[in-house]
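Below you'll find the structure, written out as structure tokens, and then a few comments.
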Amino acid sequence: MIQLYGHELSGNSYKVKLMLSVLGLDYEWIKVDLMAGAHKQPEFLALNPFGQVPLLVDGNTVLADAQAILVYLARQYGGESWLPLEPQAMSRVVRWLSTTAGEIRQGPESARLYHLFKATSINIEQAIQKSEFILTQLNDHLANQQWLELGHPTIADVAVFPYVALAGDGKVDLTPYTNVLAWIDRIKHLPGFVGMIGIEAAIAV
């Protein structure tokens, strides 16, 4: 069975959990207690020398980094829908993985780290500015389409979703970004959607 090492407050751990769920894959959740420093212990470092979660173990495959894991799960279990092989379509999806590790990490994710985890090394003014920039870009991008690329859900949506949906933890107000809010709601209605602390599942009607 697939094993997912992670922490319940980690947005990156959550995005892998979400991907596993929408693909309908069974897995074993193994909590890594970040607060107790379990990710820096020798037994975990033997699996991931970077000392970070999430970490996925699928048979003989051991993968770190949330975006890399999404790529693996999409190609191994999701077929063309979640990550196509056609070069232009693939590049459009992968672009958002870079955005996730760049602007979203520097913006909403950093603001959340500052306020929720008291990461005082973060420049909160800069994080708020970067949050407003990327949320404006997202809002404009979603003005005339329901999903980030290709007209249907892809790993681009799964990668971008968590830290945008968790923006409130960083005191970033999503109210002005109506297209982003509508997109968040669409993701919450995907078959197999699961929430996390700070992201509630949609209410069935």
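Here, A, B, ... name the chains of the structure tokens in the order displayed, residue numbers run from 1 inside each chain, and ligands are numbered from 1 in the same displayed order.
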
Mind the document's chain letters and residue numbers, and return as a ChimeraX atom specification the residues of region 18-60 of chain A that DSSP labels strand (DSSP E or B). /A:27-31,55-58

Cut-off 8 Å: closest region 41-86 of chain A/region 143-156 of chain A atom pairs per residue, using only C-alpha atoms, as CSV:
residue,atom,partner,partner_atom,distance
A:Leu70,CA,A:Ile155,CA,6.5
A:Val71,CA,A:Ile155,CA,7.4
A:Ala74,CA,A:Ile155,CA,7.3
A:Ser81,CA,A:Thr154,CA,6.7
A:Trp82,CA,A:Thr154,CA,4.1
A:Leu83,CA,A:Thr154,CA,6.2

Preceding selection exported with N, CA, C and O atoms as a PDB file, in the first residue's frame:
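File written: out16.pdb
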ATOM      1  N   LEU A  70       2.857  14.911  -7.047  1.00  0.00           N
ATOM      2  CA  LEU A  70       1.659  15.084  -7.871  1.00  0.00           C
ATOM      3  C   LEU A  70       1.908  14.601  -9.301  1.00  0.00           C
ATOM      4  O   LEU A  70       1.048  13.952  -9.904  1.00  0.00           O
ATOM      5  N   VAL A  71       3.072  14.929  -9.852  1.00  0.00           N
ATOM      6  CA  VAL A  71       3.417  14.478 -11.201  1.00  0.00           C
ATOM      7  C   VAL A  71       3.430  12.950 -11.259  1.00  0.00           C
ATOM      8  O   VAL A  71       2.867  12.331 -12.172  1.00  0.00           O
ATOM      9  N   ALA A  74      -0.146  11.512 -10.935  1.00  0.00           N
ATOM     10  CA  ALA A  74      -0.932  11.774 -12.138  1.00  0.00           C
ATOM     11  C   ALA A  74      -0.553  10.833 -13.273  1.00  0.00           C
ATOM     12  O   ALA A  74      -1.414  10.267 -13.947  1.00  0.00           O
ATOM     13  N   SER A  81      -5.748  12.826 -18.213  1.00  0.00           N
ATOM     14  CA  SER A  81      -6.594  13.911 -17.721  1.00  0.00           C
ATOM     15  C   SER A  81      -5.850  14.852 -16.778  1.00  0.00           C
ATOM     16  O   SER A  81      -5.893  16.070 -16.928  1.00  0.00           O
ATOM     17  N   TRP A  82      -5.161  14.292 -15.798  1.00  0.00           N
ATOM     18  CA  TRP A  82      -4.543  15.114 -14.763  1.00  0.00           C
ATOM     19  C   TRP A  82      -3.210  15.718 -15.189  1.00  0.00           C
ATOM     20  O   TRP A  82      -2.838  16.787 -14.723  1.00  0.00           O
ATOM     21  N   LEU A  83      -2.481  15.046 -16.066  1.00  0.00           N
ATOM     22  CA  LEU A  83      -1.221  15.586 -16.598  1.00  0.00           C
ATOM     23  C   LEU A  83      -0.999  15.012 -17.984  1.00  0.00           C
ATOM     24  O   LEU A  83      -0.481  13.915 -18.135  1.00  0.00           O
TER      25      LEU A  83
END

Find the residues around region 110-118 of chain A up to 7 Å (only C-alpha atoms counted), leave out those fewer than 4 positions away in its own chain, and share them as number ranges by chain. A: 105-106, 122, 124, 127-128, 167, 169-170

Output N, CA and C atoms of each residue in that selection to a file, as a tab-separated table (two decimals), in the first residue's frame.
chain	number	residue	atom	x	y	z
A	105	ARG	N	4.31	30.37	-2.78
A	105	ARG	CA	5.14	30.12	-1.60
A	105	ARG	C	5.60	31.44	-0.97
A	106	GLN	N	5.97	32.40	-1.80
A	106	GLN	CA	6.46	33.68	-1.30
A	106	GLN	C	5.32	34.56	-0.76
A	122	ILE	N	10.16	35.83	8.39
A	122	ILE	CA	9.45	36.23	7.16
A	122	ILE	C	9.12	37.71	7.20
A	124	ILE	N	6.60	40.08	6.56
A	124	ILE	CA	5.17	39.93	6.36
A	124	ILE	C	4.62	40.96	5.38
A	127	ALA	N	5.31	39.56	2.05
A	127	ALA	CA	4.45	38.39	1.80
A	127	ALA	C	3.04	38.83	1.43
A	128	ILE	N	2.52	39.88	2.07
A	128	ILE	CA	1.19	40.37	1.75
A	128	ILE	C	1.16	40.95	0.34
A	167	ALA	N	-5.42	31.01	2.65
A	167	ALA	CA	-4.91	32.37	2.74
A	167	ALA	C	-5.38	33.09	4.01
A	169	ASP	N	-5.55	32.02	6.94
A	169	ASP	CA	-4.64	31.74	8.06
A	169	ASP	C	-3.51	32.77	8.13
A	170	GLY	N	-3.18	33.35	6.96
A	170	GLY	CA	-2.15	34.38	6.89
A	170	GLY	C	-2.71	35.79	6.89

If DSSP is run on the backbone, what residues of region 47-190 of chain A are alpha helix (DSSP H)? A reply as a PyMOL selection string would be ideal. chain A and resi 66-73+79-82+87-99+110-117+124-141+155-165+178-188

With only C-alpha atoms counted and 10 Å as the cut-off, give the residues of region 124-183 of chain A in contact with region 3-17 of chain A, each with its shortest interatomic distance in Å and the pair that gives it, as JSON lines.
{"residue": "A:Ile155", "atom": "CA", "partner": "A:Lys15", "partner_atom": "CA", "distance": 9.5}
{"residue": "A:Asp157", "atom": "CA", "partner": "A:Lys15", "partner_atom": "CA", "distance": 9.8}
{"residue": "A:Val158", "atom": "CA", "partner": "A:Lys15", "partner_atom": "CA", "distance": 6.1}
{"residue": "A:Ala159", "atom": "CA", "partner": "A:Lys15", "partner_atom": "CA", "distance": 6.3}
{"residue": "A:Val160", "atom": "CA", "partner": "A:Lys15", "partner_atom": "CA", "distance": 8.7}
{"residue": "A:Phe161", "atom": "CA", "partner": "A:Lys15", "partner_atom": "CA", "distance": 7.8}
{"residue": "A:Pro162", "atom": "CA", "partner": "A:Gly11", "partner_atom": "CA", "distance": 5.6}
{"residue": "A:Tyr163", "atom": "CA", "partner": "A:Gly11", "partner_atom": "CA", "distance": 6.2}
{"residue": "A:Val164", "atom": "CA", "partner": "A:Gly11", "partner_atom": "CA", "distance": 9.7}
{"residue": "A:Ala165", "atom": "CA", "partner": "A:Gly11", "partner_atom": "CA", "distance": 9.6}
{"residue": "A:Leu166", "atom": "CA", "partner": "A:Gly11", "partner_atom": "CA", "distance": 8.1}

Given only C-alpha atoms as the basis, pick out the residue of A:Leu97, A:Val62, A:Ile104, A:Ala202 nearest to Thr136 (chain A).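 Smallest distance to Thr136 (chain A) is found for A:Ile104.
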
Pick out the closest residue to Asn179 (chain A) from this set: A:Val194, A:Leu138, A:Ala46, A:Ile199. Count only C-alpha atoms.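 Nearest candidate to Asn179 (chain A) out of A:Val194, A:Leu138, A:Ala46, A:Ile199: A:Leu138.
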
For each of A:Leu181, A:Met19, A:Ala66, A:Leu190, take the minimum atom-to-atom distance to Ala101 (chain A), counting only C-alpha atoms, then give the residue where this is smallest.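 Closest residue, counting only C-alpha atoms: A:Ala66.
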